[in-house]
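Trainee: Okay, here's the structure, questions in a sec.
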Number of protein chains: 2
Amino acid sequence: MAVGVGQVTALESGEAPFDAALAARICWYYFKEGQTQDAIAQRLGLTRKRVNRMLSDARDTGLVQITIAGPVAPCVALECRLVERFGLREAVVVPSPAEGTDVRSVVGAAAGWWISERLPPSGSLGINWGGTIHAAAQNLARRVGQGNTVVLLCGGLAESTAINPYDNAASFARALDATCYYVTAPMYTETQALRDALVESDPVRRVLAMVETLDLALMSAIDLTARSKALEYGVISRDLWRSLREAGAVGEICGHYLDPAGRPVDHPIADRTIRPHLDALRRVPQRVLAAGGRHKAPVIRAAIAAGLVHVLITDEAAAQNLLR
Amino acid sequence: MAVGVGQVTALESGEAPFDAALAARICWYYFKEGQTQDAIAQRLGLTRKRVNRMLSDARDTGLVQITIAGPVAPCVALECRLVERFGLREAVVVPSPAEGTDVRSVVGAAAGWWISERLPPSGSLGINWGGTIHAAAQNLARRVGQGNTVVLLCGGLAESTAINPYDNAASFARALDATCYYVTAPMYTETQALRDALVESDPVRRVLAMVETLDLALMSAIDLTARSKALEYGVISRDLWRSLREAGAVGEICGHYLDPAGRPVDHPIADRTIRPHLDALRRVPQRVLAAGGRHKAPVIRAAIAAGLVHVLITDEAAAQNLLR
DNA sequence: CGGCCGAAGACACATATGTGACGCAGGCGG
DNA sequence: CCGCCTGCGTCACATATGTGTCTTCGGCCG
């Protein structure tokens, strides 16, 4: 119970810590003791509705984490085949969710779990952005004071959507109790001159240079199919989308637009994008790609071909497409 | 209902010993995707009941593991174990502060919060003294005109330290807008005759008798380890400390020195101490002990054994020691 | 060969859960 | 000072869940 500390009363210290404690307690009673929500509400003097809401909040924010131990056989088979076919270090395949539901949350959950397991103490982690990464953030095992570092590998978005890059990074940093470095610049600029000025500027340059120091990079990929979320959210305009496709791009990773063979495509946007160097990314010792959904298969293939993937975290549908 | 290829494979392979694969898949759909059991059953061609049973089996066998993140999670676990192990009505465990800092302020803060929540309007509250109680006083939610009563359950200290009993009581009374009753006598006298005379005197007798009317008693405990604050403050002389330890005492609550089994020890100081009767204390309907720090574990155990504790408010370190 | 037995399904029902409608109070800006 | 608006509590109801009972089915044993 993080009631107020020292002379500070609970109220003065703000509701946040108290709420977290209460939420944790509720989760314990509900998930561990199997109490009914009603009973918990009575026991703690709350309304059932409140308990109910806190429980779903807890699930959303990752306060409770549900892990499934045993290997899911078919997925394990796919994992083995992916590793073998593409020469990966490791593959994680999760069952595809029902048609119409969002694959990113389940792939992200797997990614969060993977990072929790594999990020060393004092490790330095690079991330980019996207719904998958956002979901990963919600599924990290909490750390305290291990001296981790989180580096955001892309610029920000001016319009704050639910999956803003800065928020992604902040969520990671909060969960890992990490120092966080942000690229204080937009994802891409309107002119090349501005891009050049920004990447030369001290704060941006310093953060982008940190890619050389990373232990681990967790990246998602943007596809350029008609189902692209980037298109849906307006992060990529329809005109840009069309011209990228015409230029032969199948998707984007960390600001790099790749053709099916994993080569960067020639497109003006490249000169206006703020991004780490591709070669620098290729020097990160452990590179993890988290992307799911069958429409992501081409960009995943491209990313692998580009040498950006040591570890692939994906879903059944994408895995099957990749192996076809 | 569209069934994914992987699922068909799983079904057609018809594992007679419905291996962990199916169970894991069901768990995945249920916990990760939030599908309804009915939907899962339809999707996999099973009955809902079967899905239901596999889910509860999975929980029992640990195939799914639910963990609660956040710093307070282990505390909630400890609370539950304390309640169960010692037959308490309630336990509150706060995270232990960093080594070297004072645990009493955080335990006291929790105690203050607890009292604020649970002391009924017009309720009568007994307290003793100590740093923990002092901290509790600082963390009470203010009340106005609810007709509360505060009764100090011990004598005073002539030398005014920061944690003078009278000041403790006054702080409580001020915060609760309560009428306050003080034991107008020292904590212990130099002779038994004086003690006897004092407890027979009208004001002292009347206040001590009020213990029978209390709704709630909030008590801290003095330990007799080398780290005892009472020793450090000189409230207990080193000679007294040594002889109490030799007599088998592990600590003191409200003037009662207890051995590890919770029995009063035989020691001359007992006859010179001004204190409520142990049996009277045991008749207080709700008895709360607030004490933290690992060195308090023995006296907490003694207090519980003595039947003085309905509600224990402590810290992680002490809780762990208690459960060992 | 026939009956026994256990596993698993169908059905039913009592709870538990999630969610929307409504209304109240407290904070805030006009 | 007043009205609006947000947040929360209450109520109500549609689903979802857990569990019992009865039945069926298939294997096993006498």
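FYI, nothing fancy with the structure tokens labels: chains A, B, ... in order, residues from 1 per chain, ligands from 1 as they appear.
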Using only C-alpha atoms (C1' of nucleotides), which residues of chain D come within 9 Å of stretch 8-22 of chain C, and what is the closest atom pair for each, with the distance in Å to one decimal? Give it as JSON lines, sorted by chain and residue number.
Mentor:
{"residue": "D:DT10", "atom": "C1'", "partner": "C:DC22", "partner_atom": "C1'", "distance": 8.7}
{"residue": "D:DC11", "atom": "C1'", "partner": "C:DC22", "partner_atom": "C1'", "distance": 8.4}
{"residue": "D:DA12", "atom": "C1'", "partner": "C:DA21", "partner_atom": "C1'", "distance": 8.7}
{"residue": "D:DA14", "atom": "C1'", "partner": "C:DT19", "partner_atom": "C1'", "distance": 8.8}
{"residue": "D:DT15", "atom": "C1'", "partner": "C:DG18", "partner_atom": "C1'", "distance": 8.0}
{"residue": "D:DA16", "atom": "C1'", "partner": "C:DT17", "partner_atom": "C1'", "distance": 6.9}
{"residue": "D:DT17", "atom": "C1'", "partner": "C:DA16", "partner_atom": "C1'", "distance": 6.9}
{"residue": "D:DG18", "atom": "C1'", "partner": "C:DT15", "partner_atom": "C1'", "distance": 8.1}
{"residue": "D:DT19", "atom": "C1'", "partner": "C:DA14", "partner_atom": "C1'", "distance": 8.9}
{"residue": "D:DG20", "atom": "C1'", "partner": "C:DC13", "partner_atom": "C1'", "distance": 8.7}
{"residue": "D:DT21", "atom": "C1'", "partner": "C:DA12", "partner_atom": "C1'", "distance": 8.7}
{"residue": "D:DC22", "atom": "C1'", "partner": "C:DC11", "partner_atom": "C1'", "distance": 8.5}
{"residue": "D:DT23", "atom": "C1'", "partner": "C:DA10", "partner_atom": "C1'", "distance": 8.0}
{"residue": "D:DT24", "atom": "C1'", "partner": "C:DG9", "partner_atom": "C1'", "distance": 7.9}
{"residue": "D:DC25", "atom": "C1'", "partner": "C:DA8", "partner_atom": "C1'", "distance": 8.8}
Trainee: Please, which residues of chain B lie no more than 6 Å from chain A when the count uses only C-alpha atoms, and can they be set out as a list of chain:residue names?
Mentor: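 In the required form, that comes to B:Ala21, B:Ala24, B:Leu63, B:Val64, B:Gln65, B:Ile66, B:Thr67, B:Ile68, B:Ala69, B:Val72, B:Ala73, B:Val76, B:Val94, B:Ser105, B:Val106, B:Ala110, B:Gln138, B:Asn139.
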Trainee: Based on the selection just made, write N, CA, C and O atoms of those residues as a CSV table (one decimal), in the first residue's frame.
Mentor:
chain,number,residue,atom,x,y,z
B,21,ALA,N,-1.5,-28.6,-26.0
B,21,ALA,CA,-1.6,-27.7,-27.2
B,21,ALA,C,-3.0,-27.1,-27.2
B,21,ALA,O,-3.2,-25.9,-27.3
B,24,ALA,N,-3.7,-25.0,-24.3
B,24,ALA,CA,-2.9,-23.7,-24.4
B,24,ALA,C,-3.6,-22.8,-25.4
B,24,ALA,O,-3.7,-21.6,-25.2
B,63,LEU,N,-1.0,-24.0,-16.1
B,63,LEU,CA,-0.7,-23.8,-17.5
B,63,LEU,C,-0.8,-22.3,-17.8
B,63,LEU,O,0.0,-21.8,-18.5
B,64,VAL,N,-1.8,-21.7,-17.2
B,64,VAL,CA,-1.9,-20.2,-17.3
B,64,VAL,C,-1.4,-19.7,-16.0
B,64,VAL,O,-1.7,-20.2,-14.9
B,65,GLN,N,-0.6,-18.7,-16.1
B,65,GLN,CA,0.0,-18.1,-14.9
B,65,GLN,C,-0.4,-16.6,-14.9
B,65,GLN,O,-0.1,-15.9,-15.8
B,66,ILE,N,-1.1,-16.2,-13.8
B,66,ILE,CA,-1.5,-14.8,-13.7
B,66,ILE,C,-0.6,-14.1,-12.7
B,66,ILE,O,-0.5,-14.5,-11.6
B,67,THR,N,0.1,-13.1,-13.2
B,67,THR,CA,1.0,-12.4,-12.3
B,67,THR,C,0.5,-11.0,-12.2
B,67,THR,O,0.0,-10.4,-13.2
B,68,ILE,N,0.7,-10.4,-11.1
B,68,ILE,CA,0.3,-9.0,-10.9
B,68,ILE,C,1.6,-8.2,-10.8
B,68,ILE,O,2.4,-8.4,-9.9
B,69,ALA,N,1.7,-7.3,-11.7
B,69,ALA,CA,2.9,-6.5,-11.7
B,69,ALA,C,2.8,-5.3,-10.7
B,69,ALA,O,1.8,-5.2,-10.0
B,72,VAL,N,3.4,-3.1,-5.5
B,72,VAL,CA,2.6,-3.5,-4.4
B,72,VAL,C,2.2,-4.9,-4.4
B,72,VAL,O,1.7,-5.4,-3.4
B,73,ALA,N,2.3,-5.5,-5.6
B,73,ALA,CA,1.8,-6.9,-5.7
B,73,ALA,C,2.3,-7.8,-4.6
B,73,ALA,O,1.4,-8.5,-4.0
B,76,VAL,N,0.4,-7.4,-1.3
B,76,VAL,CA,-0.9,-8.0,-1.2
B,76,VAL,C,-0.9,-9.5,-1.0
B,76,VAL,O,-1.6,-10.0,-0.2
B,94,VAL,N,2.9,-2.7,3.8
B,94,VAL,CA,3.4,-1.7,2.9
B,94,VAL,C,4.8,-2.1,2.4
B,94,VAL,O,5.5,-2.8,3.1
B,105,SER,N,7.6,5.7,9.4
B,105,SER,CA,6.7,6.7,8.8
B,105,SER,C,5.8,6.0,7.8
B,105,SER,O,4.6,6.4,7.6
B,106,VAL,N,6.3,5.0,7.0
B,106,VAL,CA,5.4,4.5,6.0
B,106,VAL,C,4.4,3.5,6.7
B,106,VAL,O,3.2,3.5,6.3
B,110,ALA,N,0.3,4.2,6.7
B,110,ALA,CA,-0.7,3.2,6.4
B,110,ALA,C,-1.7,3.1,7.6
B,110,ALA,O,-2.9,3.0,7.4
B,138,GLN,N,0.0,12.0,11.6
B,138,GLN,CA,0.2,12.9,10.5
B,138,GLN,C,-0.5,12.5,9.3
B,138,GLN,O,-0.6,13.3,8.3
B,139,ASN,N,-1.1,11.4,9.3
B,139,ASN,CA,-1.7,10.9,8.0
B,139,ASN,C,-3.2,10.6,8.2
B,139,ASN,O,-3.7,9.8,7.5
Trainee: Considering only helix (DSSP H, G or I) as DSSP defines it on the backbone, what residues of stretch 9-215 of chain A qualify? List them as number ranges by chain.
Mentor: A: 15-32, 37-44, 48-61, 73-86, 103-118, 131-137, 165-176, 192-200, 202-213
Trainee: Could you pull out the strand (DSSP E or B) residues of stretch 199-268 of chain A, going by DSSP on the backbone, and write them as a list in words?
Mentor: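 Restricting stretch 199-268 of chain A to strand (DSSP E or B) produces Leu216, Ala217, Leu218, Met219, Ile222, Asp223, Gly251, Glu252, Ile253, His256, Tyr257, Leu258 and Pro264 of chain A.
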Trainee: Could you please select, counting only C-alpha atoms (C1' of nucleotides), the residues of chain B within 12 Å of chain C and state them as a compact mmCIF listing (two decimals) with C-alpha atoms, in the first residue's frame?
Mentor:
# COMPACT_ATOMS: atom_id res chain seq x y z
CA THR B 36 -16.09 -15.89 -24.81
CA LEU B 46 -16.10 -28.29 -28.68
CA THR B 47 -18.80 -27.92 -26.11
CA ARG B 48 -18.76 -24.89 -23.92
CA LYS B 49 -18.56 -27.07 -20.89
CA ARG B 50 -15.42 -28.70 -22.16
CA ARG B 53 -13.41 -27.28 -17.70
Trainee: Between D:DC8, D:DC13, D:DC29, D:DC2, single out the one closest to chain A, counting only C-alpha atoms (C1' of nucleotides).
Mentor: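 Closest candidate: D:DC8.
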Trainee: Find the spatial neighbours of stretch 197-205 of chain A, counting only C-alpha atoms (C1' of nucleotides), within a cut-off of 12 Å - ignore same-chain residues fewer than 6 positions away - and output them as a ChimeraX atom specification.
Mentor: /A:151-156,181-191,211-212,271-277
Trainee: What separation in Å, quoted to one decimal, exists between atom CA of A:Ala91 and atom CA of A:Trp113?
Mentor: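 Computing it gives 13.2 Å between the two atoms.
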Trainee: Contacts of A:Asp215 at 10 Å or less, counting only C-alpha atoms (C1' of nucleotides), minus same-chain residues fewer than 6 places along, as a PyMOL selection string?
Mentor: chain A and resi 119-120+122-126+149+283-287
Trainee: Let's have the selection written as a short mmCIF file (atom, residue, chain, number, x, y, z; two decimals), in the first residue's frame, with all heavy atoms.
Mentor:
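File produced: result28.cif:
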data_model
loop_
_atom_site.label_atom_id
_atom_site.label_comp_id
_atom_site.auth_asym_id
_atom_site.auth_seq_id
_atom_site.Cartn_x
_atom_site.Cartn_y
_atom_site.Cartn_z
N LEU A 119 15.81 -8.97 -22.29
CA LEU A 119 16.59 -7.73 -22.12
C LEU A 119 17.45 -7.87 -20.88
O LEU A 119 16.94 -8.08 -19.78
CB LEU A 119 15.65 -6.53 -21.98
CG LEU A 119 16.35 -5.18 -21.81
CD1 LEU A 119 17.12 -4.81 -23.06
CD2 LEU A 119 15.36 -4.09 -21.44
N PRO A 120 18.76 -7.79 -21.04
CA PRO A 120 19.63 -7.97 -19.87
C PRO A 120 19.50 -6.81 -18.90
O PRO A 120 19.07 -5.72 -19.29
CB PRO A 120 21.03 -8.02 -20.49
CG PRO A 120 20.92 -7.28 -21.77
CD PRO A 120 19.53 -7.50 -22.25
N SER A 122 20.61 -3.63 -17.06
CA SER A 122 21.42 -2.54 -17.62
C SER A 122 21.43 -2.53 -19.14
O SER A 122 22.27 -1.88 -19.75
CB SER A 122 22.87 -2.58 -17.12
OG SER A 122 22.89 -2.67 -15.72
N GLY A 123 20.52 -3.28 -19.73
CA GLY A 123 20.50 -3.36 -21.18
C GLY A 123 19.90 -2.11 -21.81
O GLY A 123 19.13 -1.39 -21.20
N SER A 124 20.29 -1.91 -23.07
CA SER A 124 19.82 -0.76 -23.80
C SER A 124 18.90 -1.24 -24.91
O SER A 124 19.27 -2.08 -25.72
CB SER A 124 21.04 -0.02 -24.37
OG SER A 124 20.63 1.10 -25.10
N LEU A 125 17.70 -0.70 -24.94
CA LEU A 125 16.66 -1.20 -25.85
C LEU A 125 16.20 -0.10 -26.78
O LEU A 125 15.83 0.98 -26.34
CB LEU A 125 15.47 -1.70 -25.03
CG LEU A 125 14.20 -2.06 -25.79
CD1 LEU A 125 14.44 -3.30 -26.63
CD2 LEU A 125 13.05 -2.27 -24.84
N GLY A 126 16.23 -0.38 -28.09
CA GLY A 126 15.67 0.56 -29.04
C GLY A 126 14.30 0.09 -29.49
O GLY A 126 14.07 -1.10 -29.63
N THR A 149 17.99 1.25 -20.44
CA THR A 149 17.86 2.44 -21.26
C THR A 149 16.90 2.14 -22.40
O THR A 149 16.94 1.05 -22.96
CB THR A 149 19.23 2.83 -21.87
OG1 THR A 149 20.16 3.02 -20.80
CG2 THR A 149 19.13 4.09 -22.67
N ARG A 283 23.85 -3.15 -37.17
CA ARG A 283 24.91 -3.47 -36.20
C ARG A 283 24.37 -3.70 -34.79
O ARG A 283 25.13 -4.04 -33.89
CB ARG A 283 25.95 -2.35 -36.19
CG ARG A 283 26.90 -2.39 -37.38
CD ARG A 283 28.08 -1.47 -37.20
NE ARG A 283 27.70 -0.06 -37.24
CZ ARG A 283 27.65 0.66 -38.36
NH1 ARG A 283 27.94 0.12 -39.51
NH2 ARG A 283 27.31 1.93 -38.30
N VAL A 284 23.07 -3.49 -34.61
CA VAL A 284 22.51 -3.80 -33.28
C VAL A 284 22.65 -5.31 -33.06
O VAL A 284 22.26 -6.10 -33.93
CB VAL A 284 21.03 -3.38 -33.20
CG1 VAL A 284 20.43 -3.80 -31.87
CG2 VAL A 284 20.90 -1.88 -33.39
N PRO A 285 23.17 -5.69 -31.94
CA PRO A 285 23.51 -7.12 -31.75
C PRO A 285 22.31 -8.06 -31.78
O PRO A 285 22.45 -9.22 -32.15
CB PRO A 285 24.16 -7.16 -30.36
CG PRO A 285 24.49 -5.76 -30.01
CD PRO A 285 23.61 -4.86 -30.82
N GLN A 286 21.15 -7.57 -31.36
CA GLN A 286 19.97 -8.43 -31.34
C GLN A 286 18.80 -7.64 -31.89
O GLN A 286 18.37 -6.67 -31.27
CB GLN A 286 19.71 -8.88 -29.90
CG GLN A 286 18.59 -9.88 -29.74
CD GLN A 286 19.07 -11.32 -29.82
OE1 GLN A 286 19.77 -11.71 -30.76
NE2 GLN A 286 18.71 -12.12 -28.84
N ARG A 287 18.28 -8.08 -33.02
CA ARG A 287 17.25 -7.30 -33.69
C ARG A 287 15.96 -8.12 -33.76
O ARG A 287 15.94 -9.22 -34.31
CB ARG A 287 17.72 -6.93 -35.09
CG ARG A 287 19.11 -6.29 -35.07
CD ARG A 287 19.53 -5.73 -36.40
NE ARG A 287 19.99 -6.71 -37.37
CZ ARG A 287 21.22 -7.22 -37.41
NH1 ARG A 287 22.12 -6.86 -36.51
NH2 ARG A 287 21.56 -8.09 -38.34
#
Trainee: Do you have the atom CA of B:Ala297-atom CA of B:Gly234 distance handy?
Mentor: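 Between atom CA of B:Ala297 and atom CA of B:Gly234 the gap is 21.7 Å.
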Trainee: Compare A:Ala217, A:Leu258, A:Ala249, A:Ala169 by their minimum atom-to-atom distance to A:Val309, counting only C-alpha atoms, and give me the closest one.
Mentor: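 Closest residue, counting only C-alpha atoms: A:Ala217.
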Trainee: Which residues are close to B:Arg263, i.e. within 10 Å by only C-alpha atoms (C1' of nucleotides), leaving aside same-chain residues fewer than 6 positions away? Reply as an MDAnalysis selection string.
Mentor: chainID B and resid 248:249 256:257 302:303 305:306
Trainee: If we count only C-alpha atoms (C1' of nucleotides), which residues of chain B reach to within 9 Å of chain D? Please list them as a PyMOL selection string.
Mentor: chain B and resi 36-38+52
